[in-house]
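File shown: data-v3.cif (mmCIF, N, CA and C atoms).
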data_run
#
loop_
_atom_site.label_atom_id
_atom_site.label_comp_id
_atom_site.auth_asym_id
_atom_site.auth_seq_id
_atom_site.Cartn_x
_atom_site.Cartn_y
_atom_site.Cartn_z
N MET A 275 68.84 -22.69 18.24
CA MET A 275 68.51 -21.38 18.78
C MET A 275 68.84 -20.31 17.75
N ILE A 276 68.05 -19.28 17.78
CA ILE A 276 68.26 -18.16 16.87
C ILE A 276 69.21 -17.17 17.52
N ASN A 277 70.23 -16.80 16.78
CA ASN A 277 71.14 -15.77 17.23
C ASN A 277 70.51 -14.42 16.89
N ASN A 278 70.21 -13.62 17.91
CA ASN A 278 69.51 -12.35 17.70
C ASN A 278 70.26 -11.42 16.77
N ALA A 279 71.57 -11.33 16.93
CA ALA A 279 72.36 -10.41 16.10
C ALA A 279 72.34 -10.86 14.65
N ASP A 280 72.49 -12.17 14.41
CA ASP A 280 72.48 -12.68 13.04
C ASP A 280 71.11 -12.52 12.40
N PHE A 281 70.06 -12.76 13.17
CA PHE A 281 68.71 -12.57 12.64
C PHE A 281 68.50 -11.11 12.27
N GLY A 282 68.99 -10.22 13.10
CA GLY A 282 68.88 -8.79 12.82
C GLY A 282 69.59 -8.41 11.53
N LYS A 283 70.75 -9.01 11.28
CA LYS A 283 71.49 -8.73 10.04
C LYS A 283 70.71 -9.24 8.82
N ARG A 284 70.11 -10.42 8.95
CA ARG A 284 69.32 -10.95 7.83
C ARG A 284 68.07 -10.10 7.60
N LEU A 285 67.45 -9.65 8.68
CA LEU A 285 66.30 -8.78 8.54
C LEU A 285 66.70 -7.47 7.85
N GLN A 286 67.86 -6.94 8.20
CA GLN A 286 68.34 -5.72 7.55
C GLN A 286 68.58 -5.95 6.06
N LYS A 287 69.06 -7.15 5.68
CA LYS A 287 69.24 -7.48 4.26
C LYS A 287 67.91 -7.46 3.52
N VAL A 288 66.88 -8.00 4.18
CA VAL A 288 65.54 -8.02 3.57
C VAL A 288 65.04 -6.58 3.39
N ILE A 289 65.20 -5.77 4.41
CA ILE A 289 64.75 -4.37 4.34
C ILE A 289 65.50 -3.63 3.23
N ASP A 290 66.82 -3.84 3.15
CA ASP A 290 67.62 -3.18 2.11
C ASP A 290 67.26 -3.69 0.72
N PHE A 291 66.98 -4.98 0.59
CA PHE A 291 66.65 -5.57 -0.70
C PHE A 291 65.41 -4.90 -1.30
N TYR A 292 64.44 -4.59 -0.47
CA TYR A 292 63.21 -3.96 -0.93
C TYR A 292 63.29 -2.43 -0.89
N SER A 293 64.47 -1.90 -0.59
CA SER A 293 64.70 -0.45 -0.53
C SER A 293 63.68 0.24 0.38
N GLU A 294 63.49 -0.34 1.54
CA GLU A 294 62.54 0.20 2.52
C GLU A 294 63.31 0.77 3.71
N SER A 295 62.66 1.67 4.41
CA SER A 295 63.17 2.08 5.71
C SER A 295 62.57 1.13 6.74
N ALA A 296 63.12 1.13 7.93
CA ALA A 296 62.61 0.25 8.98
C ALA A 296 61.15 0.57 9.29
N SER A 297 60.81 1.85 9.28
CA SER A 297 59.42 2.23 9.61
C SER A 297 58.46 1.84 8.50
N SER A 298 58.85 2.00 7.23
CA SER A 298 57.95 1.61 6.14
C SER A 298 57.82 0.09 6.06
N PHE A 299 58.90 -0.62 6.38
CA PHE A 299 58.86 -2.08 6.41
C PHE A 299 57.89 -2.55 7.51
N ALA A 300 57.99 -1.92 8.68
CA ALA A 300 57.10 -2.26 9.79
C ALA A 300 55.65 -2.01 9.41
N GLU A 301 55.40 -0.92 8.71
CA GLU A 301 54.03 -0.60 8.29
C GLU A 301 53.51 -1.63 7.29
N LYS A 302 54.38 -2.06 6.36
CA LYS A 302 53.96 -3.04 5.36
C LYS A 302 53.56 -4.38 5.98
N ILE A 303 54.32 -4.82 6.98
CA ILE A 303 54.00 -6.13 7.56
C ILE A 303 53.04 -6.02 8.74
N GLY A 304 52.73 -4.80 9.15
CA GLY A 304 51.72 -4.61 10.19
C GLY A 304 52.22 -4.79 11.61
N VAL A 305 53.44 -4.30 11.88
CA VAL A 305 53.97 -4.33 13.25
C VAL A 305 54.38 -2.92 13.64
N GLN A 306 54.65 -2.72 14.92
CA GLN A 306 55.09 -1.41 15.39
C GLN A 306 56.54 -1.18 14.97
N ARG A 307 56.89 0.09 14.77
CA ARG A 307 58.26 0.42 14.38
C ARG A 307 59.26 0.01 15.46
N SER A 308 58.83 0.09 16.71
CA SER A 308 59.75 -0.29 17.79
C SER A 308 60.10 -1.78 17.73
N THR A 309 59.18 -2.60 17.22
CA THR A 309 59.45 -4.03 17.09
C THR A 309 60.63 -4.26 16.16
N ILE A 310 60.64 -3.57 15.03
CA ILE A 310 61.74 -3.69 14.07
C ILE A 310 63.03 -3.20 14.71
N SER A 311 62.95 -2.06 15.37
CA SER A 311 64.13 -1.47 16.01
C SER A 311 64.74 -2.40 17.05
N HIS A 312 63.90 -3.01 17.88
CA HIS A 312 64.40 -3.90 18.93
C HIS A 312 65.01 -5.17 18.35
N ILE A 313 64.44 -5.68 17.28
CA ILE A 313 64.99 -6.89 16.66
C ILE A 313 66.30 -6.57 15.95
N LEU A 314 66.36 -5.44 15.25
CA LEU A 314 67.60 -5.06 14.56
C LEU A 314 68.74 -4.81 15.54
N SER A 315 68.43 -4.29 16.71
CA SER A 315 69.47 -4.02 17.71
C SER A 315 69.86 -5.27 18.50
N GLY A 316 69.07 -6.35 18.37
CA GLY A 316 69.37 -7.58 19.10
C GLY A 316 68.74 -7.62 20.48
N ARG A 317 67.97 -6.61 20.83
CA ARG A 317 67.34 -6.56 22.15
C ARG A 317 66.28 -7.63 22.31
N ASN A 318 65.44 -7.81 21.29
CA ASN A 318 64.35 -8.78 21.35
C ASN A 318 64.53 -9.86 20.30
N LYS A 319 63.97 -11.02 20.61
CA LYS A 319 63.92 -12.10 19.63
C LYS A 319 62.65 -11.94 18.81
N PRO A 320 62.68 -12.37 17.56
CA PRO A 320 61.46 -12.27 16.74
C PRO A 320 60.44 -13.30 17.19
N SER A 321 59.19 -12.90 17.19
CA SER A 321 58.12 -13.85 17.53
C SER A 321 57.73 -14.63 16.28
N LEU A 322 57.02 -15.72 16.49
CA LEU A 322 56.53 -16.52 15.36
C LEU A 322 55.62 -15.67 14.49
N GLU A 323 54.76 -14.89 15.11
CA GLU A 323 53.84 -14.02 14.36
C GLU A 323 54.62 -13.05 13.48
N PHE A 324 55.70 -12.49 14.01
CA PHE A 324 56.53 -11.55 13.25
C PHE A 324 57.13 -12.23 12.03
N VAL A 325 57.69 -13.41 12.22
CA VAL A 325 58.31 -14.15 11.12
C VAL A 325 57.27 -14.50 10.07
N LEU A 326 56.09 -14.96 10.50
CA LEU A 326 55.04 -15.32 9.55
C LEU A 326 54.55 -14.12 8.75
N LYS A 327 54.52 -12.96 9.38
CA LYS A 327 54.12 -11.75 8.65
C LYS A 327 55.13 -11.41 7.56
N ILE A 328 56.40 -11.56 7.86
CA ILE A 328 57.43 -11.31 6.84
C ILE A 328 57.25 -12.28 5.68
N LEU A 329 57.07 -13.56 6.00
CA LEU A 329 56.95 -14.57 4.95
C LEU A 329 55.69 -14.38 4.11
N SER A 330 54.60 -13.93 4.72
CA SER A 330 53.37 -13.75 3.96
C SER A 330 53.42 -12.52 3.05
N HIS A 331 54.12 -11.48 3.47
CA HIS A 331 54.19 -10.26 2.66
C HIS A 331 55.34 -10.27 1.65
N PHE A 332 56.35 -11.06 1.91
CA PHE A 332 57.52 -11.10 1.03
C PHE A 332 57.86 -12.55 0.70
N PRO A 333 57.25 -13.09 -0.36
CA PRO A 333 57.44 -14.51 -0.69
C PRO A 333 58.87 -14.87 -1.11
N GLU A 334 59.69 -13.87 -1.44
CA GLU A 334 61.08 -14.17 -1.82
C GLU A 334 61.94 -14.56 -0.62
N VAL A 335 61.44 -14.33 0.57
CA VAL A 335 62.19 -14.65 1.79
C VAL A 335 61.93 -16.10 2.16
N GLU A 336 63.00 -16.89 2.27
CA GLU A 336 62.87 -18.29 2.69
C GLU A 336 62.91 -18.36 4.21
N LEU A 337 62.06 -19.17 4.77
CA LEU A 337 61.99 -19.33 6.22
C LEU A 337 63.33 -19.81 6.78
N TYR A 338 63.89 -20.84 6.17
CA TYR A 338 65.12 -21.44 6.70
C TYR A 338 66.27 -20.43 6.65
N TRP A 339 66.31 -19.65 5.58
CA TRP A 339 67.36 -18.63 5.49
C TRP A 339 67.16 -17.57 6.56
N LEU A 340 65.93 -17.12 6.73
CA LEU A 340 65.65 -16.07 7.70
C LEU A 340 65.99 -16.52 9.12
N MET A 341 65.67 -17.76 9.44
CA MET A 341 65.89 -18.24 10.80
C MET A 341 67.33 -18.66 11.06
N ASN A 342 67.96 -19.36 10.09
CA ASN A 342 69.27 -19.96 10.33
C ASN A 342 70.39 -19.42 9.46
N GLY A 343 70.07 -18.64 8.46
CA GLY A 343 71.10 -18.11 7.58
C GLY A 343 71.54 -19.09 6.51
N LYS A 344 70.87 -20.22 6.41
CA LYS A 344 71.23 -21.23 5.41
C LYS A 344 70.16 -21.22 4.33
N GLY A 345 70.58 -21.25 3.10
CA GLY A 345 69.64 -21.18 2.00
C GLY A 345 69.94 -19.97 1.15
N HIS A 346 68.96 -19.48 0.44
CA HIS A 346 69.16 -18.37 -0.49
C HIS A 346 68.21 -17.23 -0.18
N PHE A 347 68.71 -16.03 -0.44
CA PHE A 347 67.85 -14.86 -0.44
C PHE A 347 68.29 -13.97 -1.58
N PRO A 348 67.42 -13.57 -2.44
CA PRO A 348 66.02 -13.95 -2.55
C PRO A 348 65.87 -15.41 -2.92
N ALA A 349 64.74 -15.97 -2.57
CA ALA A 349 64.51 -17.40 -2.77
C ALA A 349 64.62 -17.75 -4.24
N GLN A 350 65.21 -18.92 -4.50
CA GLN A 350 65.30 -19.44 -5.85
C GLN A 350 64.70 -20.83 -5.84
N SER A 351 63.88 -21.11 -6.85
CA SER A 351 63.33 -22.46 -6.93
C SER A 351 64.42 -23.39 -7.44
N LYS A 352 64.25 -24.68 -7.27
CA LYS A 352 65.23 -25.65 -7.74
C LYS A 352 65.40 -25.58 -9.25
N ASN A 353 64.30 -25.31 -9.97
CA ASN A 353 64.37 -25.21 -11.42
C ASN A 353 65.17 -23.99 -11.86
N GLU A 354 65.03 -22.87 -11.14
CA GLU A 354 65.79 -21.68 -11.50
C GLU A 354 67.27 -21.89 -11.28
N VAL A 355 67.63 -22.60 -10.21
CA VAL A 355 69.02 -22.84 -9.91
C VAL A 355 69.63 -23.75 -10.97
N GLN A 356 68.90 -24.80 -11.38
CA GLN A 356 69.44 -25.76 -12.33
C GLN A 356 69.38 -25.25 -13.76
N ASN A 357 68.26 -24.66 -14.17
CA ASN A 357 68.05 -24.31 -15.57
C ASN A 357 68.21 -22.82 -15.87
N GLY A 358 68.24 -22.00 -14.87
CA GLY A 358 68.33 -20.58 -15.09
C GLY A 358 66.99 -19.93 -15.39
N PHE A 359 65.92 -20.68 -15.36
CA PHE A 359 64.58 -20.13 -15.55
C PHE A 359 63.60 -20.94 -14.72
N GLN A 360 62.43 -20.38 -14.55
CA GLN A 360 61.40 -21.05 -13.75
C GLN A 360 60.39 -21.68 -14.68
N GLU A 361 60.08 -22.94 -14.43
CA GLU A 361 59.09 -23.64 -15.24
C GLU A 361 57.70 -23.16 -14.88
N ALA A 362 56.78 -23.35 -15.81
CA ALA A 362 55.40 -22.96 -15.58
C ALA A 362 54.81 -23.78 -14.45
N ALA A 363 53.92 -23.17 -13.71
CA ALA A 363 53.28 -23.87 -12.59
C ALA A 363 52.41 -24.99 -13.12
N PRO A 364 52.35 -26.11 -12.41
CA PRO A 364 51.49 -27.21 -12.86
C PRO A 364 50.03 -26.80 -12.78
N GLU A 365 49.22 -27.46 -13.59
CA GLU A 365 47.80 -27.15 -13.59
C GLU A 365 47.19 -27.50 -12.24
N ASN A 366 46.13 -26.83 -11.94
CA ASN A 366 45.38 -27.11 -10.73
C ASN A 366 44.84 -28.53 -10.82
N LEU A 367 44.95 -29.27 -9.76
CA LEU A 367 44.50 -30.65 -9.73
C LEU A 367 43.03 -30.77 -10.08
N PHE A 368 42.24 -29.78 -9.72
CA PHE A 368 40.81 -29.86 -9.90
C PHE A 368 40.31 -29.13 -11.14
N SER A 369 41.22 -28.54 -11.89
CA SER A 369 40.77 -27.85 -13.10
C SER A 369 40.48 -28.86 -14.20
N THR A 370 39.54 -28.52 -15.05
CA THR A 370 39.15 -29.41 -16.13
C THR A 370 39.80 -28.92 -17.41
N PRO A 371 40.54 -29.77 -18.11
CA PRO A 371 41.11 -29.34 -19.39
C PRO A 371 40.00 -28.92 -20.35
N ILE A 372 40.30 -28.00 -21.24
CA ILE A 372 39.30 -27.47 -22.16
C ILE A 372 38.71 -28.58 -23.01
N SER A 373 39.52 -29.54 -23.42
CA SER A 373 39.02 -30.62 -24.28
C SER A 373 37.98 -31.48 -23.57
N ASP A 374 38.01 -31.53 -22.24
CA ASP A 374 37.06 -32.35 -21.50
C ASP A 374 35.74 -31.62 -21.26
N LYS A 375 35.70 -30.32 -21.49
CA LYS A 375 34.46 -29.58 -21.23
C LYS A 375 33.40 -29.89 -22.27
N ASN A 376 33.81 -30.22 -23.48
CA ASN A 376 32.88 -30.60 -24.54
C ASN A 376 33.20 -32.04 -24.94
N PRO A 377 32.69 -33.00 -24.23
CA PRO A 377 33.07 -34.38 -24.51
C PRO A 377 32.60 -34.81 -25.90
N GLN A 378 33.37 -35.70 -26.50
CA GLN A 378 33.06 -36.22 -27.82
C GLN A 378 32.24 -37.49 -27.73
N HIS A 379 31.83 -37.87 -26.54
CA HIS A 379 31.09 -39.11 -26.35
C HIS A 379 29.60 -38.87 -26.59
N PRO A 380 28.93 -39.82 -27.19
CA PRO A 380 27.48 -39.67 -27.35
C PRO A 380 26.80 -39.70 -25.99
N GLU A 381 25.68 -39.06 -25.93
CA GLU A 381 24.93 -39.03 -24.68
C GLU A 381 24.50 -40.44 -24.29
N ILE A 382 24.60 -40.72 -23.03
CA ILE A 382 24.17 -42.02 -22.52
C ILE A 382 22.67 -41.93 -22.28
N GLN A 383 21.98 -42.86 -22.83
CA GLN A 383 20.53 -42.85 -22.66
C GLN A 383 20.17 -43.80 -21.53
N ASN A 384 19.45 -43.27 -20.59
CA ASN A 384 19.00 -44.08 -19.46
C ASN A 384 17.64 -44.68 -19.80
N GLU A 385 17.63 -45.97 -19.94
CA GLU A 385 16.36 -46.63 -20.20
C GLU A 385 15.78 -47.08 -18.88
N ARG A 386 14.56 -46.69 -18.66
CA ARG A 386 13.90 -47.07 -17.42
C ARG A 386 13.12 -48.35 -17.66
N PRO A 387 13.18 -49.24 -16.70
CA PRO A 387 12.41 -50.47 -16.88
C PRO A 387 10.92 -50.15 -16.85
N THR A 388 10.22 -50.88 -17.61
CA THR A 388 8.77 -50.67 -17.63
C THR A 388 8.21 -51.08 -16.28
N SER A 389 7.29 -50.28 -15.78
CA SER A 389 6.72 -50.58 -14.47
C SER A 389 5.75 -51.76 -14.58
N THR A 390 5.76 -52.54 -13.55
CA THR A 390 4.88 -53.70 -13.49
C THR A 390 3.54 -53.25 -12.94
N ASN A 391 2.52 -53.63 -13.58
CA ASN A 391 1.18 -53.26 -13.13
C ASN A 391 0.73 -54.31 -12.12
N TYR A 392 0.76 -53.92 -10.85
CA TYR A 392 0.43 -54.87 -9.80
C TYR A 392 -1.08 -55.06 -9.64
N SER A 393 -1.85 -54.22 -10.28
CA SER A 393 -3.30 -54.38 -10.15
C SER A 393 -3.79 -55.65 -10.84
N ASN A 394 -3.03 -56.12 -11.82
CA ASN A 394 -3.40 -57.37 -12.49
C ASN A 394 -2.99 -58.59 -11.68
N SER A 395 -2.22 -58.35 -10.63
CA SER A 395 -1.75 -59.45 -9.80
C SER A 395 -2.93 -60.04 -9.02
N LYS A 396 -2.87 -61.33 -8.77
CA LYS A 396 -3.96 -62.00 -8.06
C LYS A 396 -3.78 -61.95 -6.55
N LYS A 397 -2.60 -61.41 -6.10
CA LYS A 397 -2.37 -61.32 -4.67
C LYS A 397 -3.04 -60.08 -4.12
N GLU A 398 -3.59 -60.22 -2.91
CA GLU A 398 -4.20 -59.08 -2.24
C GLU A 398 -3.44 -58.79 -0.96
N ILE A 399 -3.36 -57.51 -0.62
CA ILE A 399 -2.68 -57.10 0.61
C ILE A 399 -3.61 -57.36 1.77
N ASP A 400 -3.07 -58.05 2.78
CA ASP A 400 -3.86 -58.38 3.97
C ASP A 400 -3.62 -57.35 5.07
N ARG A 401 -2.33 -56.97 5.27
CA ARG A 401 -2.02 -56.08 6.38
C ARG A 401 -0.73 -55.32 6.06
N ILE A 402 -0.66 -54.03 6.49
CA ILE A 402 0.55 -53.21 6.38
C ILE A 402 0.89 -52.74 7.79
N VAL A 403 2.16 -52.94 8.18
CA VAL A 403 2.63 -52.50 9.50
C VAL A 403 3.75 -51.48 9.27
N ILE A 404 3.62 -50.30 9.90
CA ILE A 404 4.65 -49.25 9.79
C ILE A 404 5.30 -49.11 11.16
N PHE A 405 6.62 -49.25 11.19
CA PHE A 405 7.38 -49.12 12.43
C PHE A 405 8.03 -47.74 12.49
N TYR A 406 7.89 -47.05 13.62
CA TYR A 406 8.46 -45.72 13.80
C TYR A 406 9.72 -45.82 14.63
N LYS A 407 10.58 -44.79 14.52
CA LYS A 407 11.86 -44.80 15.22
C LYS A 407 11.71 -44.78 16.74
N ASP A 408 10.61 -44.25 17.24
CA ASP A 408 10.42 -44.20 18.69
C ASP A 408 9.94 -45.53 19.27
N GLY A 409 9.84 -46.56 18.42
CA GLY A 409 9.46 -47.89 18.90
C GLY A 409 7.99 -48.19 18.73
N SER A 410 7.20 -47.22 18.37
CA SER A 410 5.77 -47.47 18.17
C SER A 410 5.53 -47.96 16.75
N PHE A 411 4.31 -48.39 16.48
CA PHE A 411 3.98 -48.87 15.14
C PHE A 411 2.51 -48.62 14.87
N SER A 412 2.17 -48.66 13.57
CA SER A 412 0.77 -48.55 13.13
C SER A 412 0.46 -49.79 12.32
N ASN A 413 -0.72 -50.32 12.54
CA ASN A 413 -1.13 -51.55 11.88
C ASN A 413 -2.37 -51.26 11.04
N PHE A 414 -2.27 -51.54 9.75
CA PHE A 414 -3.40 -51.35 8.85
C PHE A 414 -3.80 -52.70 8.29
N GLU A 415 -5.05 -53.08 8.53
CA GLU A 415 -5.53 -54.38 8.04
C GLU A 415 -6.62 -54.18 7.02
N ASN A 416 -6.73 -55.14 6.12
CA ASN A 416 -7.73 -55.09 5.07
C ASN A 416 -9.05 -55.59 5.58
#
Would you put the structure from the file into structure tokens?
Amino acid sequence: MINNADFGKRLQKVIDFYSESASSFAEKIGVQRSTISHILSGRNKPSLEFVLKILSHFPEVELYWLMNGKGHFPAQSKNEVQNGFQEAAPENLFSTPISDKNPQHPEIQNERPTSTNYSNSKKEIDRIVIFYKDGSFSNFEN
């Protein structure tokens, strides 16, 4: 369960961190000023929508810290905590490296088989039957 008073204190830390007033913070995340006031006073519990708006507008806020008080604020990645700096983001899985855009491979040539001339064949067509999806058919005879 979320303790309303503790959540209000953490929300106040977020507001202070960004040097915002409660009304400007409410405007930034798109909620009414009274919503912020009621949560800070402990009168109301924060809704899921309210929490998600904070997280979407302020990526430094960790969900677990905001809800339970455990974790870090502002958020620190594991690499920053261990190394003191943040590593570069990995490449997009679907991006193509520059070296692959101009392949060094020769073009593959598609050789088409020579068509067989059936007119020289001694077989003659006697009948063609076409079946339709509705169950009917057409019969063509020579």
Q: Please return, as number ranges by chain, all polymer residues that have at least one atom within 8 Å of the point (48.5, -7.6, 3.8); use all atoms listed in the file and the file's own coordinate frame.
A: A: 302-304, 330-331
Q: Tell me, in Å to one decimal, how far atom C of A:Ile399 is from atom C of A:Phe411.
A: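 So the two atoms, atom C of A:Ile399 and atom C of A:Phe411, lie 16.9 Å apart.
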Q.
Please determine, counting only C-alpha atoms, which residue among A:Asn342, A:Ala279, A:Asn318, A:Phe347 has the shortest atom-to-atom distance to A:Tyr292.
A. A:Phe347
Q.
For a test of reading the model, state the distance in Å between atom N of A:Lys327 and atom N of A:Asp280, rounded to one decimal.
A.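 That distance, rounded to one decimal, is 18.7 Å.
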Give, as lines of an AutoDock Vina configuration file, the centre coordinates and the x, y and z edge lengths in Å to one decimal for an axis-aligned box around all listed atoms of stretch 283-286 of chain A, padded by 3 Å on each side.
center_x = 68.9
center_y = -8.3
center_z = 8.7
size_x = 11.2
size_y = 11.2
size_z = 11.2
Q | Given the PyMOL selection byres (((chain A and resi 294-298 and name CA) around 12) and name CA), the residues it picks as a list in words | A |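 Checked against the file, the PyMOL selection byres (((chain A and resi 294-298 and name CA) around 12) and name CA) matches Gly282, Leu285, Gln286, Lys287, Val288, Ile289, Asp290, Phe291, Tyr292, Ser293, Phe299, Ala300, Glu301, Lys302, Ile303, Gly304, Val305, Gln306, Arg307, Ser308, Thr309, Ile310, Ser311, His312, Ile313, Leu314 and Ser315 of chain A.
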Q. If you measure from atom C of A:Gly409 to atom CA of A:Lys397, what distance in Å do you get, rounded to one decimal?
A.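 Interatomic distance here is 28.8 Å.
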Q. Could you pull the residues within 7 Å of A:Pro348, counting all atoms listed in the file, minus those fewer than 6 positions along the same chain, as number ranges by chain?
A. A: 334-336
Since we have the selection now, will you write its residues out, keeping N, CA and C atoms, as a PDB file, keeping the file's coordinate frame?
ATOM      1  N   GLU A 334      59.690 -13.870  -1.440  1.00  0.00           N
ATOM      2  CA  GLU A 334      61.080 -14.170  -1.820  1.00  0.00           C
ATOM      3  C   GLU A 334      61.940 -14.560  -0.620  1.00  0.00           C
ATOM      4  N   VAL A 335      61.440 -14.330   0.570  1.00  0.00           N
ATOM      5  CA  VAL A 335      62.190 -14.650   1.790  1.00  0.00           C
ATOM      6  C   VAL A 335      61.930 -16.100   2.160  1.00  0.00           C
ATOM      7  N   GLU A 336      63.000 -16.890   2.270  1.00  0.00           N
ATOM      8  CA  GLU A 336      62.870 -18.290   2.690  1.00  0.00           C
ATOM      9  C   GLU A 336      62.910 -18.360   4.210  1.00  0.00           C
TER      10      GLU A 336
END
Test item: residues at most 8 Å from A:Gly343, only N, CA and C atoms, excluding those fewer than 5 positions along its chain, as a short mmCIF file (atom, residue, chain, number, x, y, z; two decimals) with N, CA and C atoms, keeping the file's coordinate frame:
data_model
loop_
_atom_site.label_atom_id
_atom_site.label_comp_id
_atom_site.auth_asym_id
_atom_site.auth_seq_id
_atom_site.Cartn_x
_atom_site.Cartn_y
_atom_site.Cartn_z
N ASP A 280 72.49 -12.17 14.41
CA ASP A 280 72.48 -12.68 13.04
C ASP A 280 71.11 -12.52 12.40
N PHE A 281 70.06 -12.76 13.17
CA PHE A 281 68.71 -12.57 12.64
C PHE A 281 68.50 -11.11 12.27
N ARG A 284 70.11 -10.42 8.95
CA ARG A 284 69.32 -10.95 7.83
C ARG A 284 68.07 -10.10 7.60
N LEU A 337 62.06 -19.17 4.77
CA LEU A 337 61.99 -19.33 6.22
C LEU A 337 63.33 -19.81 6.78
N TYR A 338 63.89 -20.84 6.17
CA TYR A 338 65.12 -21.44 6.70
C TYR A 338 66.27 -20.43 6.65
#
Q | Shell of 12 Å around A:Leu322, only C-alpha atoms, local chain residues under 3 positions omitted, as a list in words | A |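 Listed by chain and then number, they are Ile276, Lys319, Val325, Leu326, Lys327, Ile328, Leu329, Leu337, Leu340 and Met341 of chain A.
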